[in-house]
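Shown below: work_3.json, with JSON, C-alpha atoms and all ligand atoms.
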```json
[["chain", "number", "residue", "atom", "x", "y", "z"],
["A", 156, "MET", "CA", 40.70, -88.52, -2.49],
["A", 157, "SER", "CA", 42.88, -85.60, -1.47],
["A", 158, "ALA", "CA", 41.42, -82.26, -0.43],
["A", 159, "GLN", "CA", 42.97, -80.76, -3.58],
["A", 160, "SER", "CA", 40.88, -82.91, -5.94],
["A", 161, "HIS", "CA", 37.52, -81.72, -4.55],
["A", 162, "SER", "CA", 35.55, -79.38, -6.79],
["A", 163, "ARG", "CA", 32.70, -79.01, -4.25],
["A", 164, "ARG", "CA", 32.71, -78.45, -0.53],
["A", 165, "ILE", "CA", 33.69, -81.51, 1.50],
["A", 166, "THR", "CA", 30.76, -82.89, 3.48],
["A", 167, "VAL", "CA", 30.28, -84.58, 6.83],
["A", 168, "PRO", "CA", 29.79, -88.01, 5.14],
["A", 169, "ASP", "CA", 33.04, -87.42, 3.19],
["A", 170, "ILE", "CA", 34.86, -86.99, 6.52],
["A", 171, "ARG", "CA", 33.24, -90.08, 8.03],
["A", 172, "GLY", "CA", 34.21, -92.02, 4.90],
["A", 173, "LYS", "CA", 37.89, -91.26, 5.38],
["A", 174, "LYS", "CA", 38.25, -93.49, 8.44],
["A", 175, "GLY", "CA", 40.70, -96.25, 7.53],
["A", 176, "VAL", "CA", 41.01, -94.88, 3.98],
["A", 177, "GLN", "CA", 42.90, -91.59, 4.08],
["A", 178, "PRO", "CA", 44.20, -89.35, 6.87],
["A", 179, "ILE", "CA", 42.18, -86.20, 7.50],
["A", 180, "VAL", "CA", 44.06, -82.90, 7.11],
["A", 181, "SER", "CA", 42.75, -80.17, 9.39],
["A", 182, "LEU", "CA", 43.93, -76.71, 10.38],
["A", 183, "THR", "CA", 42.45, -73.73, 12.13],
["A", 184, "ALA", "CA", 41.71, -70.45, 10.36],
["A", 185, "TYR", "CA", 40.08, -67.38, 11.84],
["A", 186, "SER", "CA", 40.04, -64.98, 8.91],
["A", 187, "ALA", "CA", 39.49, -64.70, 5.17],
["A", 188, "LEU", "CA", 43.21, -64.01, 4.79],
["A", 189, "THR", "CA", 44.33, -67.31, 6.30],
["A", 190, "ALA", "CA", 41.36, -69.40, 5.10],
["A", 191, "ARG", "CA", 42.36, -68.62, 1.52],
["A", 192, "PHE", "CA", 45.73, -70.34, 2.11],
["A", 193, "VAL", "CA", 44.36, -73.28, 4.07],
["A", 194, "ASP", "CA", 41.33, -74.13, 1.94],
["A", 195, "PRO", "CA", 43.10, -75.88, -0.98],
["A", 196, "HIS", "CA", 45.01, -78.18, 1.37],
["A", 197, "ALA", "CA", 42.66, -79.02, 4.22],
["A", 198, "ASP", "CA", 39.70, -81.36, 4.54],
["A", 199, "ILE", "CA", 38.50, -79.46, 7.61],
["A", 200, "ILE", "CA", 38.97, -75.81, 8.59],
["A", 201, "LEU", "CA", 38.22, -75.26, 12.26],
["A", 202, "VAL", "CA", 37.28, -71.78, 13.40],
["A", 203, "GLY", "CA", 38.56, -72.64, 16.85],
["A", 204, "ASP", "CA", 37.94, -70.68, 20.02],
["A", 205, "SER", "CA", 41.75, -70.65, 20.28],
["A", 206, "LEU", "CA", 41.25, -67.41, 18.34],
["A", 207, "ALA", "CA", 40.66, -65.78, 21.73],
["A", 208, "MET", "CA", 44.31, -66.43, 22.58],
["A", 209, "VAL", "CA", 45.98, -66.35, 19.15],
["A", 210, "GLU", "CA", 44.09, -63.47, 17.56],
["A", 211, "HIS", "CA", 42.92, -61.48, 20.59],
["A", 212, "GLY", "CA", 45.76, -62.02, 23.09],
["A", 213, "MET", "CA", 43.62, -63.52, 25.86],
["A", 214, "GLU", "CA", 45.12, -65.89, 28.46],
["A", 215, "THR", "CA", 42.60, -68.69, 27.81],
["A", 216, "THR", "CA", 39.82, -69.53, 25.36],
["A", 217, "LEU", "CA", 37.13, -68.62, 27.89],
["A", 218, "GLY", "CA", 36.74, -65.07, 26.60],
["A", 219, "ALA", "CA", 35.49, -66.09, 23.15],
["A", 220, "THR", "CA", 31.82, -65.20, 22.70],
["A", 221, "LEU", "CA", 29.25, -66.56, 20.29],
["A", 222, "ASP", "CA", 29.15, -63.24, 18.42],
["A", 223, "LEU", "CA", 32.94, -63.25, 18.07],
["A", 224, "MET", "CA", 32.94, -66.84, 16.76],
["A", 225, "ILE", "CA", 30.24, -65.99, 14.22],
["A", 226, "PHE", "CA", 32.10, -62.86, 13.09],
["A", 227, "HIS", "CA", 35.30, -64.84, 12.41],
["A", 228, "ALA", "CA", 33.44, -67.78, 10.87],
["A", 229, "GLN", "CA", 31.72, -65.49, 8.38],
["A", 230, "SER", "CA", 35.15, -64.32, 7.16],
["A", 231, "VAL", "CA", 36.38, -67.89, 6.82],
["A", 232, "MET", "CA", 33.27, -68.92, 4.89],
["A", 233, "ARG", "CA", 33.71, -66.02, 2.45],
["A", 234, "ALA", "CA", 37.23, -67.14, 1.58],
["A", 235, "SER", "CA", 36.83, -70.93, 1.48],
["A", 236, "LYS", "CA", 34.99, -73.11, -0.97],
["A", 237, "ARG", "CA", 36.25, -76.66, -0.52],
["A", 238, "ALA", "CA", 37.09, -77.49, 3.08],
["A", 239, "LEU", "CA", 34.37, -78.45, 5.54],
["A", 240, "VAL", "CA", 34.18, -75.53, 7.97],
["A", 241, "VAL", "CA", 33.55, -76.39, 11.63],
["A", 242, "VAL", "CA", 33.00, -73.66, 14.23],
["A", 243, "ASP", "CA", 33.66, -74.01, 17.95],
["A", 244, "LEU", "CA", 30.78, -73.38, 20.34],
["A", 245, "PRO", "CA", 32.45, -71.10, 22.89],
["A", 246, "PHE", "CA", 32.46, -71.47, 26.66],
["A", 247, "GLY", "CA", 29.09, -70.66, 28.20],
["A", 248, "SER", "CA", 27.09, -71.06, 25.00],
["A", 249, "TYR", "CA", 26.12, -74.74, 25.29],
["A", 250, "GLU", "CA", 26.94, -76.40, 28.63],
["A", 251, "ALA", "CA", 23.86, -75.46, 30.69],
["A", 252, "SER", "CA", 21.35, -77.39, 28.61],
["A", 253, "PRO", "CA", 20.87, -79.13, 25.27],
["A", 254, "GLN", "CA", 18.35, -76.39, 24.42],
["A", 255, "ASP", "CA", 21.00, -73.70, 24.98],
["A", 256, "ALA", "CA", 23.35, -75.68, 22.78],
["A", 257, "TYR", "CA", 20.73, -75.93, 20.03],
["A", 258, "ARG", "CA", 20.05, -72.18, 20.15],
["A", 259, "SER", "CA", 23.78, -71.42, 19.87],
["A", 260, "ALA", "CA", 24.48, -74.04, 17.21],
["A", 261, "SER", "CA", 21.55, -72.98, 15.05],
["A", 262, "ARG", "CA", 22.75, -69.37, 15.16],
["A", 263, "VAL", "CA", 26.23, -70.48, 14.10],
["A", 264, "LEU", "CA", 24.95, -72.61, 11.23],
["A", 265, "SER", "CA", 22.36, -70.13, 9.94],
["A", 266, "GLN", "CA", 24.44, -66.95, 10.30],
["A", 267, "THR", "CA", 27.70, -68.33, 8.89],
["A", 268, "GLY", "CA", 26.73, -71.11, 6.46],
["A", 269, "CYS", "CA", 29.31, -73.43, 8.03],
["A", 270, "SER", "CA", 28.71, -77.19, 8.07],
["A", 271, "ALA", "CA", 29.15, -78.20, 11.71],
["A", 272, "VAL", "CA", 29.93, -77.14, 15.24],
["A", 273, "LYS", "CA", 32.45, -78.52, 17.72],
["A", 274, "LEU", "CA", 31.95, -78.73, 21.45],
["A", 275, "GLU", "CA", 34.17, -79.89, 24.27],
["A", 276, "GLY", "CA", 33.41, -82.62, 26.79],
["A", 277, "GLY", "CA", 32.98, -86.35, 27.29],
["A", 278, "ALA", "CA", 30.16, -88.41, 28.77],
["A", 279, "ALA", "CA", 28.61, -85.39, 30.52],
["A", 280, "MET", "CA", 28.04, -83.69, 27.16],
["A", 281, "ALA", "CA", 26.75, -86.82, 25.39],
["A", 282, "PRO", "CA", 23.03, -85.95, 25.86],
["A", 283, "THR", "CA", 23.73, -82.53, 24.33],
["A", 284, "VAL", "CA", 25.56, -84.03, 21.35],
["A", 285, "GLU", "CA", 22.63, -86.43, 20.88],
["A", 286, "PHE", "CA", 20.10, -83.59, 21.13],
["A", 287, "LEU", "CA", 21.94, -81.64, 18.42],
["A", 288, "THR", "CA", 22.72, -84.47, 16.01],
["A", 289, "SER", "CA", 19.17, -85.85, 16.18],
["A", 290, "ARG", "CA", 17.95, -82.39, 15.12],
["A", 291, "GLY", "CA", 20.24, -82.12, 12.12],
["A", 292, "VAL", "CA", 23.20, -80.27, 13.64],
["A", 293, "PRO", "CA", 26.46, -82.04, 12.74],
["A", 294, "VAL", "CA", 28.75, -82.13, 15.78],
["A", 295, "MET", "CA", 32.46, -82.71, 16.15],
["A", 296, "GLY", "CA", 33.38, -83.88, 19.65],
["A", 297, "HIS", "CA", 36.49, -82.85, 21.59],
["A", 298, "ILE", "CA", 37.83, -84.94, 24.48],
["A", 299, "GLY", "CA", 41.03, -85.35, 26.50],
["A", 300, "LEU", "CA", 42.56, -81.96, 27.21],
["A", 301, "THR", "CA", 39.64, -79.56, 26.94],
["A", 302, "PRO", "CA", 40.92, -75.97, 27.11],
["A", 303, "GLN", "CA", 37.54, -74.55, 28.19],
["A", 304, "SER", "CA", 37.97, -76.52, 31.47],
["A", 305, "VAL", "CA", 41.48, -75.29, 32.33],
["A", 306, "MET", "CA", 40.22, -73.39, 35.37],
["A", 307, "GLY", "CA", 39.06, -76.66, 36.88],
["A", 308, "THR", "CA", 41.92, -78.87, 35.70],
["A", 309, "GLY", "CA", 44.63, -76.39, 36.66],
["A", 310, "GLY", "CA", 46.19, -75.89, 33.22],
["A", 311, "PHE", "CA", 46.91, -77.38, 29.83],
["A", 312, "LYS", "CA", 47.90, -80.89, 30.96],
["A", 313, "THR", "CA", 48.38, -84.04, 28.90],
["A", 314, "GLN", "CA", 45.69, -86.60, 29.67],
["A", 315, "GLY", "CA", 46.17, -90.31, 30.32],
["A", 316, "ARG", "CA", 49.59, -90.20, 31.94],
["A", 317, "ASP", "CA", 48.09, -92.22, 34.75],
["A", 318, "ARG", "CA", 46.71, -95.52, 33.41],
["A", 319, "SER", "CA", 43.92, -95.48, 35.98],
["A", 320, "THR", "CA", 42.29, -92.60, 34.02],
["A", 321, "TRP", "CA", 42.17, -94.48, 30.70],
["A", 322, "GLU", "CA", 38.78, -96.13, 31.22],
["A", 323, "VAL", "CA", 37.04, -92.80, 31.83],
["A", 324, "ILE", "CA", 38.60, -91.24, 28.73],
["A", 325, "LYS", "CA", 37.69, -94.31, 26.62],
["A", 326, "GLN", "CA", 34.13, -94.08, 27.93],
["A", 327, "ASP", "CA", 34.05, -90.40, 26.94],
["A", 328, "ALA", "CA", 35.06, -91.39, 23.41],
["A", 329, "VAL", "CA", 32.46, -94.16, 23.14],
["A", 330, "THR", "CA", 29.56, -92.10, 24.49],
["A", 331, "ILE", "CA", 30.35, -89.17, 22.21],
["A", 332, "GLU", "CA", 30.54, -91.56, 19.25],
["A", 333, "ASN", "CA", 27.22, -93.15, 20.23],
["A", 334, "SER", "CA", 25.65, -89.70, 20.49],
["A", 335, "GLY", "CA", 26.24, -89.17, 16.79],
["A", 336, "ALA", "CA", 29.40, -87.04, 16.54],
["A", 337, "PHE", "CA", 30.88, -87.33, 13.04],
["A", 338, "ALA", "CA", 34.48, -86.91, 14.23],
["A", 339, "ILE", "CA", 36.19, -86.48, 17.59],
["A", 340, "VAL", "CA", 39.18, -84.29, 18.40],
["A", 341, "LEU", "CA", 41.59, -86.04, 20.77],
["A", 342, "GLU", "CA", 43.66, -83.31, 22.40],
["A", 343, "GLY", "CA", 46.72, -83.86, 24.59],
["A", 344, "ILE", "CA", 46.29, -87.60, 25.05],
["A", 345, "VAL", "CA", 49.21, -90.00, 25.55],
["A", 346, "GLU", "CA", 50.07, -92.08, 22.50],
["A", 347, "PRO", "CA", 48.94, -95.60, 23.54],
["A", 348, "LEU", "CA", 45.57, -94.30, 24.71],
["A", 349, "ALA", "CA", 45.00, -92.17, 21.60],
["A", 350, "ARG", "CA", 45.85, -95.19, 19.48],
["A", 351, "ALA", "CA", 43.52, -97.48, 21.45],
["A", 352, "ILE", "CA", 40.63, -95.00, 21.14],
["A", 353, "THR", "CA", 41.24, -94.59, 17.41],
["A", 354, "ASN", "CA", 41.21, -98.37, 16.91],
["A", 355, "MET", "CA", 38.11, -98.76, 19.06],
["A", 356, "LEU", "CA", 35.90, -96.20, 17.29],
["A", 357, "LYS", "CA", 34.17, -96.21, 13.92],
["A", 358, "THR", "CA", 34.25, -92.40, 14.10],
["A", 359, "PRO", "CA", 37.36, -90.64, 12.80],
["A", 360, "THR", "CA", 39.64, -89.19, 15.46],
["A", 361, "ILE", "CA", 41.52, -85.94, 14.82],
["A", 362, "GLY", "CA", 44.62, -85.61, 16.97],
["A", 363, "ILE", "CA", 46.33, -82.56, 18.41],
["A", 364, "GLY", "CA", 49.18, -83.52, 20.70],
["A", 365, "ALA", "CA", 47.77, -87.04, 20.63],
["A", 366, "SER", "CA", 50.36, -88.87, 18.49],
["A", 367, "SER", "CA", 50.36, -89.77, 14.80],
["A", 368, "HIS", "CA", 48.05, -92.74, 15.40],
["A", 369, "CYS", "CA", 44.83, -90.74, 14.99],
["A", 370, "ASP", "CA", 42.76, -90.75, 11.80],
["A", 371, "GLY", "CA", 43.71, -87.14, 11.12],
["A", 372, "GLN", "CA", 45.62, -84.24, 12.59],
["A", 373, "ILE", "CA", 44.84, -80.64, 13.43],
["A", 374, "LEU", "CA", 47.14, -77.79, 14.40],
["A", 375, "VAL", "CA", 46.63, -74.13, 15.13],
["A", 376, "LEU", "CA", 47.77, -72.50, 11.89],
["A", 377, "GLU", "CA", 49.73, -69.69, 13.52],
["A", 378, "ASP", "CA", 51.60, -72.22, 15.70],
["A", 379, "MET", "CA", 52.70, -74.43, 12.81],
["A", 380, "LEU", "CA", 53.64, -71.42, 10.67],
["A", 381, "GLY", "CA", 56.02, -70.19, 13.36],
["A", 382, "PHE", "CA", 54.04, -67.02, 14.01],
["A", 383, "ASN", "CA", 54.00, -67.57, 17.76],
["A", 384, "PRO", "CA", 57.33, -67.74, 19.59],
["A", 385, "LYS", "CA", 55.71, -69.84, 22.36],
["A", 386, "VAL", "CA", 53.90, -72.97, 21.19],
["A", 387, "PRO", "CA", 53.00, -76.28, 22.86],
["A", 388, "ARG", "CA", 55.86, -78.83, 22.93],
["A", 389, "PHE", "CA", 54.21, -81.18, 20.42],
["A", 390, "VAL", "CA", 53.94, -78.53, 17.66],
["A", 391, "LYS", "CA", 56.33, -78.92, 14.78],
["A", 392, "LYS", "CA", 56.95, -75.55, 13.16],
["A", 393, "PHE", "CA", 56.57, -76.00, 9.40],
["A", 394, "GLY", "CA", 57.50, -72.37, 8.76],
["A", 395, "THR", "CA", 59.26, -69.35, 10.23],
["A", 396, "ILE", "CA", 56.69, -66.75, 9.25],
["A", 397, "GLY", "CA", 57.09, -64.78, 12.48],
["A", 398, "ASP", "CA", 60.77, -64.13, 11.68],
["A", 399, "ALA", "CA", 59.93, -63.14, 8.09],
["A", 400, "VAL", "CA", 57.20, -60.72, 9.23],
["A", 401, "ASP", "CA", 59.50, -59.21, 11.86],
["A", 402, "LYS", "CA", 62.30, -58.76, 9.30],
["A", 403, "ALA", "CA", 59.98, -57.10, 6.74],
["A", 404, "ILE", "CA", 58.51, -54.69, 9.30],
["A", 405, "ALA", "CA", 61.98, -53.84, 10.65],
["A", 406, "GLU", "CA", 63.20, -53.11, 7.11],
["A", 407, "TYR", "CA", 60.18, -50.89, 6.45],
["A", 408, "ALA", "CA", 60.68, -49.01, 9.72],
["A", 409, "ALA", "CA", 64.39, -48.54, 9.01],
["A", 410, "SER", "CA", 63.63, -47.21, 5.52],
["A", 411, "VAL", "CA", 61.24, -44.62, 6.96],
["A", 412, "LEU", "CA", 63.69, -43.62, 9.66],
["A", 413, "ASP", "CA", 66.71, -43.23, 7.37],
["A", 414, "ARG", "CA", 64.57, -41.59, 4.63],
["A", 415, "SER", "CA", 65.41, -44.32, 2.10],
["A", 416, "PHE", "CA", 61.72, -45.33, 1.85],
["A", 417, "PRO", "CA", 61.09, -45.78, -1.86],
["A", 418, "GLY", "CA", 58.45, -43.26, -2.94],
["A", 419, "LEU", "CA", 58.98, -43.84, -6.65],
["A", 420, "GLU", "CA", 55.40, -44.73, -7.51],
["A", 421, "HIS", "CA", 54.27, -41.17, -6.85],
["A", 422, "THR", "CA", 57.18, -39.35, -8.43],
["A", 423, "TYR", "CA", 55.78, -36.29, -10.16],
["A", 424, "GLU", "CA", 56.94, -35.87, -13.68],
["A", 425, "PRO", "CA", 55.76, -32.59, -15.25],
["A", 426, "LYS", "CA", 54.31, -33.13, -18.74],
["A", 427, "ASP", "CA", 56.06, -30.11, -20.19],
["B", 501, "LIG", "O1", 40.21, -73.99, 19.42],
["B", 501, "LIG", "C1", 40.95, -74.71, 18.75],
["B", 501, "LIG", "O2", 41.77, -74.26, 17.94],
["B", 501, "LIG", "C2", 40.81, -76.15, 18.93],
["B", 501, "LIG", "C3", 41.86, -77.02, 18.33],
["B", 501, "LIG", "C4", 43.10, -76.85, 19.09],
["B", 501, "LIG", "C5", 41.43, -78.42, 18.23],
["B", 501, "LIG", "O3", 39.90, -76.59, 19.56]]
```

In structure tokens, how does this file's structure come out?
Amino acid sequence: MSAQSHSRRITVPDIRGKKGVQPIVSLTAYSALTARFVDPHADIILVGDSLAMVEHGMETTLGATLDLMIFHAQSVMRASKRALVVVDLPFGSYEASPQDAYRSASRVLSQTGCSAVKLEGGAAMAPTVEFLTSRGVPVMGHIGLTPQSVMGTGGFKTQGRDRSTWEVIKQDAVTIENSGAFAIVLEGIVEPLARAITNMLKTPTIGIGASSHCDGQILVLEDMLGFNPKVPRFVKKFGTIGDAVDKAIAEYAASVLDRSFPGLEHTYEPKD
């Protein structure tokens, strides 16, 4: 079933049921404006903490706060009716303890009406994922390149280049699956490893920079639209929106400057 043929909101079991049946279409959206465009086409809308960088100009995702995530997620929920909306738990809101994670996740679910949360991390976060899922909080996992850890890893680096690291990453995938995650984002993972993990798991994998061999794909909307001049190497630009926006604004500015701005709609025509 394609996202377009859904007349109700897609559910967590719907996503699980797509494994081996149909690829999962996912995109980020941070606002009502963009969610309206994405909703008819996507199975999953992720309100990603990438909004800290894309929407708020920060250097990393670490500056996103729980309040900010909730604020953006509320906009996305207002403008979407079919896609499953997943909201990132931001840095600092879940790592210290499963109880912290539950407090943050329950705020996100109750204050936005979204269906699930996503959190980053492998085996170390498995007890937290288990704590949440066993209490009714649907969780999407996120392993491989985890942007919230860039300070420790020294940057946005593809994972699995060295074969000796594969076992650890596979173990991350298995423990997060066993903890009850309904889907797992594989970010920045070399193709043979991403493929092996996807084949190994019963849980759908959603790739970003992790080859076409995942069960679904996700991209940052503004990256694939061509809004951002600088995007990761693996991003195919499906549009050139940035150029179109620049051209329109330049034309507007020029029309104001050379006094050709069309003011026709307010032309005053005396009645007699
Ligand atoms: O924050 C985000 O947008 C993400 C995706 C890149 C998966 O986590």

Practice problem: Give me, please, the distance in Å between CA of Ser259 (chain A) and CA of Gly364 (chain A), quoted to one decimal. | Solution: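 That distance, rounded to one decimal, is 28.1 Å.
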
Kindly compile the residues surrounding ligand LIG 501 (chain B) within 10 Å, counting all atoms listed in the file, and format them as a CSV table (one decimal) with C-alpha atoms, keeping the file's coordinate frame.
```
chain,number,residue,atom,x,y,z
A,181,SER,CA,42.8,-80.2,9.4
A,182,LEU,CA,43.9,-76.7,10.4
A,183,THR,CA,42.4,-73.7,12.1
A,184,ALA,CA,41.7,-70.4,10.4
A,185,TYR,CA,40.1,-67.4,11.8
A,200,ILE,CA,39.0,-75.8,8.6
A,201,LEU,CA,38.2,-75.3,12.3
A,202,VAL,CA,37.3,-71.8,13.4
A,203,GLY,CA,38.6,-72.6,16.8
A,204,ASP,CA,37.9,-70.7,20.0
A,205,SER,CA,41.8,-70.6,20.3
A,206,LEU,CA,41.2,-67.4,18.3
A,207,ALA,CA,40.7,-65.8,21.7
A,208,MET,CA,44.3,-66.4,22.6
A,209,VAL,CA,46.0,-66.4,19.2
A,216,THR,CA,39.8,-69.5,25.4
A,219,ALA,CA,35.5,-66.1,23.2
A,242,VAL,CA,33.0,-73.7,14.2
A,243,ASP,CA,33.7,-74.0,18.0
A,244,LEU,CA,30.8,-73.4,20.3
A,245,PRO,CA,32.4,-71.1,22.9
A,273,LYS,CA,32.4,-78.5,17.7
A,274,LEU,CA,32.0,-78.7,21.4
A,275,GLU,CA,34.2,-79.9,24.3
A,296,GLY,CA,33.4,-83.9,19.6
A,297,HIS,CA,36.5,-82.8,21.6
A,298,ILE,CA,37.8,-84.9,24.5
A,300,LEU,CA,42.6,-82.0,27.2
A,301,THR,CA,39.6,-79.6,26.9
A,302,PRO,CA,40.9,-76.0,27.1
A,303,GLN,CA,37.5,-74.6,28.2
A,339,ILE,CA,36.2,-86.5,17.6
A,340,VAL,CA,39.2,-84.3,18.4
A,341,LEU,CA,41.6,-86.0,20.8
A,342,GLU,CA,43.7,-83.3,22.4
A,343,GLY,CA,46.7,-83.9,24.6
A,361,ILE,CA,41.5,-85.9,14.8
A,362,GLY,CA,44.6,-85.6,17.0
A,363,ILE,CA,46.3,-82.6,18.4
A,364,GLY,CA,49.2,-83.5,20.7
A,372,GLN,CA,45.6,-84.2,12.6
A,373,ILE,CA,44.8,-80.6,13.4
A,374,LEU,CA,47.1,-77.8,14.4
A,375,VAL,CA,46.6,-74.1,15.1
A,376,LEU,CA,47.8,-72.5,11.9
```

Quiz prompt | Which of A:Glu332, A:Glu377, A:Asp398, A:Glu406 sits closest to Thr358 (chain A) [using only C-alpha atoms] | solution =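 Counting only C-alpha atoms, the residue closest to Thr358 (chain A) is A:Glu332.
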
Quiz item: Of the candidates A:Pro425, A:Gly299, A:Gly218, A:Gly268, which one gets nearest to Arg233 (chain A) if we count all atoms listed in the file?
Solution: A:Gly268

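Nearest residue to Gly276 (chain A), choosing from A:Leu239, A:Met232, A:Ile331, A:Ile344 and counting only C-alpha atoms: A:Ile331.
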
Quiz item: Out of A:Ser367, A:Pro387, A:Asp222, A:Ala256, which residue has the shortest atom-to-atom distance to Lys312 (chain A) when counting only C-alpha atoms?
Solution: A:Pro387

Self-check item: Coordinates-based distance that separates CA of Arg316 (chain A) from CA of Lys357 (chain A) (Å, one decimal)
Solution: 24.5 Å

Quiz prompt | Computed interatomic separation between CA of Asp327 (chain A) and CA of Leu356 (chain A) (Å) | solution = 11.4 Å

Quiz prompt | A:Arg318, A:Lys392, A:Arg164, A:Arg262 ranked by distance to Lys236 (chain A), top pick (using all atoms listed in the file) | solution = A:Arg164

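You can rank A:Asp413, A:Glu214, A:Asn383, A:Ala328 by their closest distance to Asp401 (chain A) using only C-alpha atoms, and at the top of that list sits A:Asn383.
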
Exercise. Scan for residues within 7 Å of the point (39.6, -86.0, 4.4) in the coordinates of the file, using only C-alpha atoms, and reply as an MDAnalysis selection string.
Key: chainID A and resid 157:158 169:170 173 177:180 198

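The environment of Lys391 (chain A) within 9 Å, counting only C-alpha atoms and disregarding residues fewer than 5 places along the same chain, consists of Asp378, Met379, Leu380 and Gly381 of chain A.
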
For region 231-245 of chain A, supply N, CA, C and O atoms and report the output as an mmCIF file, in the coordinates of the input.
```cif
data_model
loop_
_atom_site.group_PDB
_atom_site.id
_atom_site.type_symbol
_atom_site.label_atom_id
_atom_site.label_comp_id
_atom_site.auth_asym_id
_atom_site.auth_seq_id
_atom_site.Cartn_x
_atom_site.Cartn_y
_atom_site.Cartn_z
ATOM 1 N N VAL A 231 35.800 -66.629 7.331
ATOM 2 C CA VAL A 231 36.380 -67.890 6.820
ATOM 3 C C VAL A 231 35.491 -68.466 5.722
ATOM 4 O O VAL A 231 35.982 -68.937 4.686
ATOM 5 N N MET A 232 34.181 -68.388 5.909
ATOM 6 C CA MET A 232 33.270 -68.920 4.890
ATOM 7 C C MET A 232 33.390 -68.142 3.575
ATOM 8 O O MET A 232 33.334 -68.723 2.497
ATOM 9 N N ARG A 233 33.594 -66.820 3.674
ATOM 10 C CA ARG A 233 33.710 -66.020 2.450
ATOM 11 C C ARG A 233 34.915 -66.440 1.627
ATOM 12 O O ARG A 233 34.900 -66.369 0.413
ATOM 13 N N ALA A 234 35.971 -66.890 2.287
ATOM 14 C CA ALA A 234 37.230 -67.140 1.580
ATOM 15 C C ALA A 234 37.497 -68.625 1.326
ATOM 16 O O ALA A 234 38.543 -68.970 0.805
ATOM 17 N N SER A 235 36.588 -69.494 1.697
ATOM 18 C CA SER A 235 36.830 -70.930 1.480
ATOM 19 C C SER A 235 35.709 -71.486 0.620
ATOM 20 O O SER A 235 34.576 -70.988 0.655
ATOM 21 N N LYS A 236 36.065 -72.512 -0.179
ATOM 22 C CA LYS A 236 34.990 -73.110 -0.970
ATOM 23 C C LYS A 236 35.049 -74.633 -0.972
ATOM 24 O O LYS A 236 34.138 -75.284 -1.469
ATOM 25 N N ARG A 237 36.144 -75.209 -0.462
ATOM 26 C CA ARG A 237 36.250 -76.660 -0.520
ATOM 27 C C ARG A 237 36.266 -77.356 0.821
ATOM 28 O O ARG A 237 35.627 -78.388 1.010
ATOM 29 N N ALA A 238 36.984 -76.810 1.777
ATOM 30 C CA ALA A 238 37.090 -77.490 3.080
ATOM 31 C C ALA A 238 35.762 -77.437 3.819
ATOM 32 O O ALA A 238 34.983 -76.499 3.658
ATOM 33 N N LEU A 239 35.516 -78.462 4.631
ATOM 34 C CA LEU A 239 34.370 -78.450 5.540
ATOM 35 C C LEU A 239 34.726 -77.488 6.680
ATOM 36 O O LEU A 239 35.773 -77.644 7.318
ATOM 37 N N VAL A 240 33.876 -76.503 6.903
ATOM 38 C CA VAL A 240 34.180 -75.530 7.970
ATOM 39 C C VAL A 240 33.387 -75.888 9.227
ATOM 40 O O VAL A 240 32.163 -76.034 9.193
ATOM 41 N N VAL A 241 34.129 -76.058 10.315
ATOM 42 C CA VAL A 241 33.550 -76.390 11.630
ATOM 43 C C VAL A 241 33.831 -75.206 12.545
ATOM 44 O O VAL A 241 34.941 -74.657 12.527
ATOM 45 N N VAL A 242 32.839 -74.827 13.338
ATOM 46 C CA VAL A 242 33.000 -73.660 14.230
ATOM 47 C C VAL A 242 32.831 -74.106 15.683
ATOM 48 O O VAL A 242 31.872 -74.815 16.014
ATOM 49 N N ASP A 243 33.757 -73.680 16.526
ATOM 50 C CA ASP A 243 33.660 -74.010 17.950
ATOM 51 C C ASP A 243 32.490 -73.307 18.613
ATOM 52 O O ASP A 243 32.308 -72.091 18.421
ATOM 53 N N LEU A 244 31.725 -74.034 19.417
ATOM 54 C CA LEU A 244 30.780 -73.380 20.340
ATOM 55 C C LEU A 244 31.613 -72.905 21.523
ATOM 56 O O LEU A 244 32.301 -73.707 22.168
ATOM 57 N N PRO A 245 31.585 -71.601 21.820
ATOM 58 C CA PRO A 245 32.450 -71.100 22.890
ATOM 59 C C PRO A 245 31.903 -71.406 24.279
ATOM 60 O O PRO A 245 30.714 -71.711 24.443
#
```
